[in-house]
file data39.csv (CSV, C-alpha atoms)
chain,number,residue,atom,x,y,z
K,249,PRO,CA,69.2,111.5,61.8
K,250,THR,CA,72.6,112.2,60.3
K,251,ALA,CA,75.6,112.6,62.6
K,252,PRO,CA,78.3,115.2,61.9
K,253,PRO,CA,81.2,113.6,60.0
K,254,LEU,CA,84.3,112.4,61.8
K,255,GLU,CA,87.8,112.2,60.4
K,256,ASP,CA,88.6,108.9,58.7
K,257,ASP,CA,91.0,107.8,61.4
K,258,GLU,CA,89.0,109.0,64.3
K,259,ILE,CA,87.5,105.9,65.9
K,260,PRO,CA,86.3,106.9,69.4
K,261,VAL,CA,86.2,104.4,72.2
K,262,VAL,CA,83.7,105.4,74.8
K,263,SER,CA,81.3,103.7,77.3
K,264,ALA,CA,77.6,103.3,76.8
K,265,THR,CA,74.8,101.3,78.2
K,266,ALA,CA,73.0,98.6,76.2
K,267,VAL,CA,69.3,98.3,76.6
K,268,THR,CA,68.6,94.8,75.2
K,269,ALA,CA,70.4,92.0,73.3
K,270,GLU,CA,69.5,88.8,71.5
K,271,ASN,CA,69.7,85.6,73.5
K,272,LEU,CA,72.7,84.1,71.8
K,273,PRO,CA,75.9,82.3,73.1
K,274,PRO,CA,78.2,84.6,75.0
K,275,THR,CA,80.9,84.8,72.3
K,276,ALA,CA,78.6,85.0,69.3
K,277,PRO,CA,78.2,88.3,67.4
K,278,ARG,CA,74.8,89.8,68.2
K,279,VAL,CA,72.4,92.7,67.6
K,280,ILE,CA,71.8,95.0,70.5
K,281,THR,CA,69.8,98.0,71.2
K,282,VAL,CA,71.9,100.7,72.6
K,283,ILE,CA,71.8,104.4,73.6
K,284,ALA,CA,74.3,106.5,71.6
K,285,PRO,CA,76.9,108.1,74.0
K,286,LEU,CA,77.5,110.9,71.6
K,287,SER,CA,77.0,111.8,67.9
K,288,LEU,CA,79.0,109.4,65.7
K,289,ALA,CA,79.4,108.7,62.0
K,290,ALA,CA,78.6,105.5,60.3
K,291,GLY,CA,81.3,102.8,60.9
K,292,ALA,CA,82.6,104.3,64.1
K,293,THR,CA,82.9,101.9,67.0
K,294,PHE,CA,82.4,102.3,70.7
K,295,VAL,CA,82.0,100.0,73.8
K,296,ALA,CA,78.6,99.3,75.4
K,297,THR,CA,78.0,97.1,78.4
K,298,LEU,CA,75.1,94.8,79.2
K,299,GLY,CA,75.0,92.8,82.4
K,300,GLY,CA,78.7,93.4,82.9
K,301,GLN,CA,79.6,92.1,79.5
K,302,PRO,CA,81.3,94.6,77.2
K,303,TYR,CA,80.5,94.7,73.5
K,304,GLN,CA,82.1,96.6,70.6
K,305,VAL,CA,79.3,98.3,68.8
K,306,THR,CA,79.5,99.4,65.1
K,307,VAL,CA,77.5,102.5,64.2
K,308,PRO,CA,75.0,101.7,61.3
K,309,PRO,CA,74.8,103.6,58.0
K,310,GLY,CA,73.6,107.1,58.4
K,311,GLY,CA,75.3,107.6,61.8
K,312,VAL,CA,73.6,108.4,65.1
K,313,VAL,CA,73.2,111.5,67.3
K,314,GLU,CA,73.8,111.7,71.1
K,315,ASP,CA,71.2,109.9,73.2
K,316,GLN,CA,69.6,108.2,70.2
K,317,VAL,CA,68.3,104.7,70.8
K,318,PHE,CA,69.3,102.5,67.9
K,319,THR,CA,69.9,98.8,67.0
K,320,ALA,CA,73.4,97.7,65.8
K,321,ASN,CA,75.7,94.8,65.3
K,322,ALA,CA,77.9,94.1,68.3
K,323,GLN,CA,80.8,91.8,69.1
K,324,PRO,CA,81.4,90.6,72.6
K,325,LEU,CA,84.7,91.5,74.1
K,326,GLU,CA,86.6,89.1,76.4
K,327,HIS,CA,89.3,90.1,78.9
K,328,SER,CA,88.5,93.7,78.3
K,329,ILE,CA,89.3,96.6,80.7
K,330,ILE,CA,86.9,99.5,80.3
K,331,PRO,CA,88.1,102.5,82.3
K,332,PRO,CA,85.4,105.0,83.4
K,333,THR,CA,84.8,108.1,81.3
K,334,GLY,CA,84.3,111.6,82.5
K,335,ARG,CA,86.3,111.1,85.7
K,336,TRP,CA,89.4,109.5,87.1
K,337,LYS,CA,89.0,106.0,88.6
K,338,ASN,CA,90.9,107.1,91.7
K,339,GLY,CA,92.3,110.3,93.0
K,340,LEU,CA,95.8,111.5,92.6
K,341,CYS,CA,96.7,110.5,96.1
K,342,GLY,CA,95.2,107.0,95.8
K,343,CYS,CA,98.6,105.5,95.2
K,344,CYS,CA,98.2,102.8,97.9
K,345,ALA,CA,94.7,101.7,96.7
K,346,HIS,CA,96.2,98.3,96.0
K,347,GLY,CA,98.8,98.3,98.7
K,348,CYS,CA,102.1,100.1,99.3
K,349,CYS,CA,104.1,97.4,97.6
K,350,HIS,CA,102.0,97.0,94.5
K,351,PRO,CA,104.1,96.5,91.4
K,352,SER,CA,102.5,99.4,89.5
K,353,LEU,CA,103.3,101.8,92.4
K,354,CYS,CA,106.8,100.5,92.8
K,355,CYS,CA,107.5,100.9,89.1
K,356,ALA,CA,106.0,104.4,89.1
K,357,LEU,CA,108.2,105.3,92.1
K,358,TRP,CA,111.5,103.9,90.9
K,359,PHE,CA,111.1,103.9,87.1
K,360,PRO,CA,108.4,106.4,86.2
K,361,ALA,CA,109.4,106.4,82.5
K,362,LEU,CA,108.9,102.7,82.2
K,363,ALA,CA,105.6,102.8,84.1
K,364,THR,CA,104.4,105.5,81.8
K,365,ALA,CA,105.6,103.5,78.8
K,366,GLN,CA,103.2,100.7,80.0
K,367,VAL,CA,100.3,103.1,79.9
K,368,MET,CA,101.5,104.4,76.5
K,369,THR,CA,101.4,100.8,75.2
K,370,ARG,CA,97.9,100.3,76.6
K,371,LEU,CA,96.8,103.4,74.6
K,372,LYS,CA,98.8,102.3,71.5
K,373,LEU,CA,101.0,105.5,71.6
K,374,ASN,CA,104.5,105.6,70.3
K,375,PHE,CA,107.6,106.3,72.4
K,376,LEU,CA,106.9,110.1,72.1
K,377,ALA,CA,103.5,109.5,73.7
K,378,CYS,CA,101.8,110.5,70.4
K,379,ALA,CA,99.2,108.5,68.4
K,380,PRO,CA,101.0,106.9,65.4
K,381,THR,CA,99.8,107.8,61.9
K,382,SER,CA,99.2,104.1,61.4
K,383,TYR,CA,99.0,101.3,64.0
K,384,GLN,CA,100.3,97.9,62.9
K,385,GLY,CA,100.3,95.3,65.6
K,386,LYS,CA,102.2,95.8,68.9
K,387,SER,CA,103.2,99.2,70.2
K,388,TRP,CA,107.0,99.6,70.6
K,389,ALA,CA,106.7,102.3,73.3
K,390,PHE,CA,107.9,100.1,76.1
K,391,PRO,CA,111.0,98.6,74.5
K,392,MET,CA,112.0,102.0,73.2
K,393,VAL,CA,111.7,103.6,76.6
K,394,LEU,CA,113.5,100.7,78.1
K,395,LEU,CA,116.4,101.1,75.7
K,396,LEU,CA,116.6,104.9,76.5
K,397,THR,CA,116.5,104.1,80.3
K,398,LEU,CA,119.3,101.6,80.0
K,399,ALA,CA,121.3,104.0,77.8
K,400,PHE,CA,120.8,106.7,80.5
K,401,PHE,CA,122.0,104.5,83.3
K,402,PHE,CA,125.1,103.3,81.3
K,403,SER,CA,125.9,106.9,80.4
K,404,ASP,CA,125.4,108.0,83.9
K,405,VAL,CA,128.9,106.6,84.8
K,406,SER,CA,130.3,109.3,82.6
K,407,ILE,CA,129.9,111.7,85.5
K,408,TYR,CA,133.1,110.2,86.8
K,409,VAL,CA,134.8,111.1,83.6
K,410,SER,CA,133.1,114.5,82.9
K,411,PRO,CA,130.7,116.0,85.3
K,412,PHE,CA,129.2,118.1,82.6
K,413,LEU,CA,128.5,115.0,80.4
K,414,GLY,CA,126.9,113.2,83.3
K,415,ILE,CA,124.7,116.2,84.3
K,416,GLY,CA,123.7,116.6,80.6
K,417,SER,CA,122.5,113.0,80.3
K,418,PHE,CA,120.6,113.3,83.6
K,419,THR,CA,118.9,116.5,82.4
K,420,LEU,CA,117.9,115.1,79.0
K,421,TYR,CA,116.5,111.9,80.5
K,422,GLY,CA,114.6,113.9,83.2
K,423,LEU,CA,113.1,116.2,80.6
K,424,TYR,CA,112.1,113.3,78.3
K,425,THR,CA,110.4,111.5,81.3
K,426,LEU,CA,108.5,114.7,82.2
K,427,TYR,CA,107.5,115.1,78.6
K,428,ILE,CA,106.0,111.6,78.2
K,429,VAL,CA,104.3,111.8,81.5
K,430,VAL,CA,102.5,115.1,80.6
K,431,SER,CA,101.7,113.9,77.1
K,432,THR,CA,100.4,110.5,78.3
K,433,ARG,CA,98.2,112.1,81.0
K,434,LEU,CA,96.8,114.4,78.3
K,435,ALA,CA,96.1,111.4,76.0
K,436,VAL,CA,94.3,109.6,78.9
K,437,ARG,CA,92.2,112.6,79.7
K,438,SER,CA,91.3,113.1,76.0
K,439,ARG,CA,90.5,109.5,75.4
K,440,TYR,CA,88.3,109.1,78.5
K,441,ARG,CA,86.9,112.7,78.4
K,442,ILE,CA,88.2,113.7,81.8
K,443,ARG,CA,88.1,117.4,82.5
K,444,GLY,CA,91.4,119.3,82.9
K,445,ASN,CA,94.0,121.2,81.0
K,446,ILE,CA,97.7,120.9,80.1
K,447,CYS,CA,98.8,123.3,82.8
K,448,CYS,CA,97.2,120.9,85.4
K,449,ASP,CA,98.9,118.0,83.7
K,450,LEU,CA,102.3,119.7,83.9
K,451,CYS,CA,101.9,120.7,87.5
K,452,CYS,CA,100.8,117.3,88.6
K,453,SER,CA,103.6,115.6,86.7
K,454,ALA,CA,106.3,118.0,88.0
K,455,ALA,CA,105.1,118.2,91.6
K,456,CYS,CA,104.4,114.4,92.1
K,457,MET,CA,105.4,112.3,89.1
K,458,CYS,CA,105.0,109.1,91.0
K,459,CYS,CA,101.4,109.9,92.0
K,460,THR,CA,100.5,111.0,88.5
K,461,VAL,CA,101.9,107.9,86.8
K,462,SER,CA,100.3,105.6,89.3
K,463,GLN,CA,96.9,107.3,88.8
K,464,MET,CA,97.2,106.7,85.0
K,465,SER,CA,98.2,103.1,85.6
K,466,ARG,CA,95.2,102.4,87.9
K,467,HIS,CA,92.8,104.2,85.5
K,468,THR,CA,93.8,102.2,82.5
K,469,GLY,CA,94.2,98.9,84.4
K,470,ASP,CA,92.1,96.6,86.4
K,471,TYR,CA,94.3,95.4,89.3
K,472,ASP,CA,91.3,93.8,91.1
K,473,THR,CA,91.0,91.3,88.2
K,474,TYR,CA,94.5,91.2,86.7
K,475,ALA,CA,97.9,90.8,88.4
K,476,ALA,CA,100.3,93.7,87.8
K,477,SER,CA,103.7,93.2,86.4
K,478,CYS,CA,106.8,95.5,86.4
K,479,CYS,CA,108.4,93.9,83.4
K,480,SER,CA,105.7,93.5,80.8
K,481,ARG,CA,104.9,95.9,77.9
K,482,THR,CA,101.5,96.9,79.5
K,483,GLY,CA,102.1,96.0,83.1
K,484,LEU,CA,99.2,93.6,82.7
K,485,PRO,CA,98.8,90.0,81.4
K,486,ASP,CA,98.9,89.6,77.7
K,487,THR,CA,95.3,88.5,77.6
K,488,ALA,CA,94.1,91.8,79.1
K,489,MET,CA,92.9,94.4,76.6
K,490,VAL,CA,92.3,98.1,77.4
K,491,VAL,CA,89.5,99.7,75.4
call {"tool": "encode", "arguments": {"input": "data39.csv", "output": "structure tokens"}}
result
Amino acid sequence: PTAPPLEDDEIPVVSATAVTAENLPPTAPRVITVIAPLSLAAGATFVATLGGQPYQVTVPPGGVVEDQVFTANAQPLEHSIIPPTGRWKNGLCGCCAHGCCHPSLCCALWFPALATAQVMTRLKLNFLACAPTSYQGKSWAFPMVLLLTLAFFFSDVSIYVSPFLGIGSFTLYGLYTLYIVVSTRLAVRSRYRIRGNICCDLCCSAACMCCTVSQMSRHTGDYDTYAASCCSRTGLPDTAMVV
């Protein structure tokens, strides 16, 4: 069967369940039989799991349709974090799932823009929480947001010189933070096919930004396996990869 065409730059990352695999060394490329999670064009990639081991599967020529069982080349993925699709990993109020003093929660509470930038980096978004037209190497979202945050705190002393200037910088930084939180939550929902709408994203972000940012951090991270960090680009070890 022929799958409907996708845009050239649309490479979906979704979860699927592998049925069988060749008996090869764990790190060797292999051929697996897998159930297509949705209709995909030839060359598209997605993640399938077999026995807890994630594989990046490449759709064969001709494409596939949803629920089709097919055989394809697959590359084992190491140090991969595979967030669930179709639902949030934890609820909005599950901030203390890993403890009240967890680094991701503390960062979301005191520096929500930086915690959001870590999620943006995991999703390879730019500092405006948008997917770049071309992705080359590391995402610069975290250092850019860090610079904006430092600039805000240094300019905040201007309130002693001019109250209007201080209030203006505070307002602009607050609006920017709200914007990237809403946009990143939208990107997370879109990537992992979680139901919702932008009005819900805006309400959650405005009403409880800490809870919203913490939920995104938990969904795109695996804090049971990897230690959290407040000061790294992704909030995770460099070896951890989010797919």
call {"tool": "residues_near_point", "arguments": {"input": "data39.csv", "point": "(101.7, 101.5, 79.6)", "cutoff": "8 Å", "atoms": "all atoms listed in the file", "output": "count of residues only"}}
result
15
call {"tool": "closest_residue", "arguments": {"input": "data39.csv", "among": "K:Pro360, K:Pro411, K:Pro391, K:Gly416", "to": "Val430 of chain K", "atoms": "only C-alpha atoms"}}
result
K:Pro360
call {"tool": "atom_distance", "arguments": {"input": "data39.csv", "atom1": "atom CA of Tyr421 of chain K", "atom2": "atom CA of Gly339 of chain K"}}
result
27.3 Å
call {"tool": "closest_residue", "arguments": {"input": "data39.csv", "among": "K:Gly334, K:Gly342, K:Pro285, K:Pro309", "to": "Val461 of chain K", "atoms": "only C-alpha atoms"}}
result
K:Gly342
call {"tool": "closest_residue", "arguments": {"input": "data39.csv", "among": "K:Thr432, K:Gly469, K:Val279, K:Thr397", "to": "Trp358 of chain K", "atoms": "all atoms listed in the file"}}
result
K:Thr397
call {"tool": "residues_around", "arguments": {"input": "data39.csv", "residues": "Leu484 of chain K", "least_positions_apart": "4", "cutoff": "7 Å", "atoms": "all atoms listed in the file", "output": "PyMOL selection string"}}
result
chain K and resi 474-477+480+488
call {"tool": "atom_distance", "arguments": {"input": "data39.csv", "atom1": "atom CA of Ala356 of chain K", "atom2": "atom CA of Leu434 of chain K"}}
result
17.4 Å
call {"tool": "closest_residue", "arguments": {"input": "data39.csv", "among": "K:Ser403, K:Ser453, K:Thr297, K:Gln304", "to": "Pro332 of chain K", "atoms": "all atoms listed in the file"}}
result
K:Thr297
call {"tool": "closest_residue", "arguments": {"input": "data39.csv", "among": "K:Tyr471, K:Gln463, K:Arg439, K:Pro351", "to": "Phe294 of chain K", "atoms": "only C-alpha atoms"}}
result
K:Arg439
call {"tool": "closest_residue", "arguments": {"input": "data39.csv", "among": "K:Cys451, K:His467, K:Pro485, K:Pro331", "to": "Ala345 of chain K", "atoms": "only C-alpha atoms"}}
result
K:His467
call {"tool": "atom_distance", "arguments": {"input": "data39.csv", "atom1": "atom CA of Asp315 of chain K", "atom2": "atom CA of Asn445 of chain K"}}
result
26.6 Å
call {"tool": "residues_around", "arguments": {"input": "data39.csv", "residues": "Leu420 of chain K", "least_positions_apart": "3", "cutoff": "12 Å", "atoms": "only C-alpha atoms", "output": "JSON, numbers by chain"}}
result
{"K": [396, 397, 399, 400, 403, 404, 413, 414, 415, 416, 417, 423, 424, 425, 426, 427]}
call {"tool": "residues_around", "arguments": {"input": "data39.csv", "residues": "segment 322-325 of chain K", "least_positions_apart": "6", "cutoff": "7 Å", "atoms": "all atoms listed in the file", "output": "ChimeraX atom specification"}}
result
/K:275,277-280,302-306
call {"tool": "decode", "arguments": {"input": "data39.csv", "residues": "segment 442-458 of chain K", "atoms": "all heavy atoms", "output": "PDB file, in the first residue's frame"}}
result
ATOM      1  N   ILE K 442      -0.593  14.672  22.103  1.00  0.00           N
ATOM      2  CA  ILE K 442      -1.377  14.808  23.332  1.00  0.00           C
ATOM      3  C   ILE K 442      -2.541  15.749  23.062  1.00  0.00           C
ATOM      4  O   ILE K 442      -2.353  16.839  22.529  1.00  0.00           O
ATOM      5  CB  ILE K 442      -0.495  15.346  24.482  1.00  0.00           C
ATOM      6  CG1 ILE K 442       0.682  14.394  24.723  1.00  0.00           C
ATOM      7  CG2 ILE K 442      -1.309  15.510  25.750  1.00  0.00           C
ATOM      8  CD1 ILE K 442       1.708  14.941  25.702  1.00  0.00           C
ATOM      9  N   ARG K 443      -3.715  15.342  23.434  1.00  0.00           N
ATOM     10  CA  ARG K 443      -4.902  16.151  23.161  1.00  0.00           C
ATOM     11  C   ARG K 443      -4.866  17.459  23.942  1.00  0.00           C
ATOM     12  O   ARG K 443      -4.329  17.528  25.050  1.00  0.00           O
ATOM     13  CB  ARG K 443      -6.170  15.366  23.509  1.00  0.00           C
ATOM     14  CG  ARG K 443      -6.368  14.120  22.664  1.00  0.00           C
ATOM     15  CD  ARG K 443      -7.662  13.421  23.025  1.00  0.00           C
ATOM     16  NE  ARG K 443      -8.816  14.265  22.805  1.00  0.00           N
ATOM     17  CZ  ARG K 443     -10.076  13.912  23.074  1.00  0.00           C
ATOM     18  NH1 ARG K 443     -10.319  12.732  23.609  1.00  0.00           N
ATOM     19  NH2 ARG K 443     -11.072  14.728  22.826  1.00  0.00           N
ATOM     20  N   GLY K 444      -5.474  18.484  23.371  1.00  0.00           N
ATOM     21  CA  GLY K 444      -5.525  19.783  24.020  1.00  0.00           C
ATOM     22  C   GLY K 444      -5.643  20.873  22.972  1.00  0.00           C
ATOM     23  O   GLY K 444      -5.795  20.607  21.778  1.00  0.00           O
ATOM     24  N   ASN K 445      -5.602  22.113  23.407  1.00  0.00           N
ATOM     25  CA  ASN K 445      -5.667  23.243  22.491  1.00  0.00           C
ATOM     26  C   ASN K 445      -4.864  24.394  23.064  1.00  0.00           C
ATOM     27  O   ASN K 445      -4.447  24.379  24.226  1.00  0.00           O
ATOM     28  CB  ASN K 445      -7.117  23.657  22.233  1.00  0.00           C
ATOM     29  CG  ASN K 445      -7.873  23.928  23.517  1.00  0.00           C
ATOM     30  OD1 ASN K 445      -7.547  24.866  24.253  1.00  0.00           O
ATOM     31  ND2 ASN K 445      -8.892  23.107  23.809  1.00  0.00           N
ATOM     32  N   ILE K 446      -4.658  25.398  22.245  1.00  0.00           N
ATOM     33  CA  ILE K 446      -3.795  26.500  22.652  1.00  0.00           C
ATOM     34  C   ILE K 446      -4.410  27.308  23.795  1.00  0.00           C
ATOM     35  O   ILE K 446      -3.679  27.894  24.610  1.00  0.00           O
ATOM     36  CB  ILE K 446      -3.480  27.406  21.441  1.00  0.00           C
ATOM     37  CG1 ILE K 446      -2.332  28.363  21.786  1.00  0.00           C
ATOM     38  CG2 ILE K 446      -4.721  28.161  21.001  1.00  0.00           C
ATOM     39  CD1 ILE K 446      -1.772  29.107  20.601  1.00  0.00           C
ATOM     40  N   CYS K 447      -5.729  27.327  23.883  1.00  0.00           N
ATOM     41  CA  CYS K 447      -6.376  28.034  25.001  1.00  0.00           C
ATOM     42  C   CYS K 447      -6.034  27.347  26.322  1.00  0.00           C
ATOM     43  O   CYS K 447      -5.749  28.013  27.323  1.00  0.00           O
ATOM     44  CB  CYS K 447      -7.886  28.076  24.796  1.00  0.00           C
ATOM     45  SG  CYS K 447      -8.403  29.115  23.425  1.00  0.00           S
ATOM     46  N   CYS K 448      -6.054  26.031  26.315  1.00  0.00           N
ATOM     47  CA  CYS K 448      -5.668  25.274  27.507  1.00  0.00           C
ATOM     48  C   CYS K 448      -4.201  25.509  27.845  1.00  0.00           C
ATOM     49  O   CYS K 448      -3.839  25.682  29.015  1.00  0.00           O
ATOM     50  CB  CYS K 448      -5.940  23.790  27.290  1.00  0.00           C
ATOM     51  SG  CYS K 448      -5.458  22.729  28.671  1.00  0.00           S
ATOM     52  N   ASP K 449      -3.342  25.542  26.811  1.00  0.00           N
ATOM     53  CA  ASP K 449      -1.922  25.803  27.031  1.00  0.00           C
ATOM     54  C   ASP K 449      -1.712  27.175  27.670  1.00  0.00           C
ATOM     55  O   ASP K 449      -0.913  27.332  28.596  1.00  0.00           O
ATOM     56  CB  ASP K 449      -1.163  25.732  25.702  1.00  0.00           C
ATOM     57  CG  ASP K 449      -1.215  24.350  25.079  1.00  0.00           C
ATOM     58  OD1 ASP K 449      -1.357  23.367  25.820  1.00  0.00           O
ATOM     59  OD2 ASP K 449      -1.121  24.260  23.840  1.00  0.00           O
ATOM     60  N   LEU K 450      -2.439  28.171  27.169  1.00  0.00           N
ATOM     61  CA  LEU K 450      -2.301  29.527  27.701  1.00  0.00           C
ATOM     62  C   LEU K 450      -2.795  29.615  29.134  1.00  0.00           C
ATOM     63  O   LEU K 450      -2.135  30.225  29.991  1.00  0.00           O
ATOM     64  CB  LEU K 450      -3.077  30.511  26.814  1.00  0.00           C
ATOM     65  CG  LEU K 450      -3.070  31.975  27.253  1.00  0.00           C
ATOM     66  CD1 LEU K 450      -1.649  32.514  27.325  1.00  0.00           C
ATOM     67  CD2 LEU K 450      -3.914  32.817  26.297  1.00  0.00           C
ATOM     68  N   CYS K 451      -3.934  28.993  29.417  1.00  0.00           N
ATOM     69  CA  CYS K 451      -4.487  29.037  30.771  1.00  0.00           C
ATOM     70  C   CYS K 451      -3.561  28.343  31.770  1.00  0.00           C
ATOM     71  O   CYS K 451      -3.313  28.855  32.868  1.00  0.00           O
ATOM     72  CB  CYS K 451      -5.867  28.397  30.792  1.00  0.00           C
ATOM     73  SG  CYS K 451      -7.141  29.359  29.939  1.00  0.00           S
ATOM     74  N   CYS K 452      -3.050  27.183  31.405  1.00  0.00           N
ATOM     75  CA  CYS K 452      -2.143  26.456  32.299  1.00  0.00           C
ATOM     76  C   CYS K 452      -0.868  27.249  32.549  1.00  0.00           C
ATOM     77  O   CYS K 452      -0.388  27.344  33.682  1.00  0.00           O
ATOM     78  CB  CYS K 452      -1.802  25.096  31.703  1.00  0.00           C
ATOM     79  SG  CYS K 452      -3.160  23.910  31.671  1.00  0.00           S
ATOM     80  N   SER K 453      -0.328  27.841  31.480  1.00  0.00           N
ATOM     81  CA  SER K 453       0.924  28.580  31.602  1.00  0.00           C
ATOM     82  C   SER K 453       0.752  29.838  32.428  1.00  0.00           C
ATOM     83  O   SER K 453       1.636  30.216  33.213  1.00  0.00           O
ATOM     84  CB  SER K 453       1.462  28.939  30.210  1.00  0.00           C
ATOM     85  OG  SER K 453       1.654  27.778  29.430  1.00  0.00           O
ATOM     86  N   ALA K 454      -0.374  30.512  32.265  1.00  0.00           N
ATOM     87  CA  ALA K 454      -0.602  31.756  32.997  1.00  0.00           C
ATOM     88  C   ALA K 454      -1.001  31.492  34.445  1.00  0.00           C
ATOM     89  O   ALA K 454      -0.579  32.212  35.354  1.00  0.00           O
ATOM     90  CB  ALA K 454      -1.675  32.587  32.290  1.00  0.00           C
ATOM     91  N   ALA K 455      -1.812  30.466  34.677  1.00  0.00           N
ATOM     92  CA  ALA K 455      -2.320  30.201  36.024  1.00  0.00           C
ATOM     93  C   ALA K 455      -1.264  29.570  36.917  1.00  0.00           C
ATOM     94  O   ALA K 455      -1.160  29.914  38.100  1.00  0.00           O
ATOM     95  CB  ALA K 455      -3.557  29.307  35.953  1.00  0.00           C
ATOM     96  N   CYS K 456      -0.486  28.647  36.378  1.00  0.00           N
ATOM     97  CA  CYS K 456       0.550  27.992  37.188  1.00  0.00           C
ATOM     98  C   CYS K 456       1.720  27.624  36.284  1.00  0.00           C
ATOM     99  O   CYS K 456       1.829  26.491  35.820  1.00  0.00           O
ATOM    100  CB  CYS K 456       0.003  26.753  37.885  1.00  0.00           C
ATOM    101  SG  CYS K 456       1.163  26.063  39.093  1.00  0.00           S
ATOM    102  N   MET K 457       2.572  28.618  36.031  1.00  0.00           N
ATOM    103  CA  MET K 457       3.687  28.418  35.110  1.00  0.00           C
ATOM    104  C   MET K 457       4.651  27.357  35.634  1.00  0.00           C
ATOM    105  O   MET K 457       5.156  26.531  34.862  1.00  0.00           O
ATOM    106  CB  MET K 457       4.424  29.736  34.895  1.00  0.00           C
ATOM    107  CG  MET K 457       5.541  29.664  33.880  1.00  0.00           C
ATOM    108  SD  MET K 457       6.237  31.284  33.496  1.00  0.00           S
ATOM    109  CE  MET K 457       4.861  32.042  32.614  1.00  0.00           C
ATOM    110  N   CYS K 458       4.895  27.351  36.934  1.00  0.00           N
ATOM    111  CA  CYS K 458       5.818  26.375  37.515  1.00  0.00           C
ATOM    112  C   CYS K 458       5.343  24.951  37.246  1.00  0.00           C
ATOM    113  O   CYS K 458       6.122  24.099  36.822  1.00  0.00           O
ATOM    114  CB  CYS K 458       5.962  26.622  39.011  1.00  0.00           C
ATOM    115  SG  CYS K 458       6.857  25.327  39.890  1.00  0.00           S
TER     116      CYS K 458
END
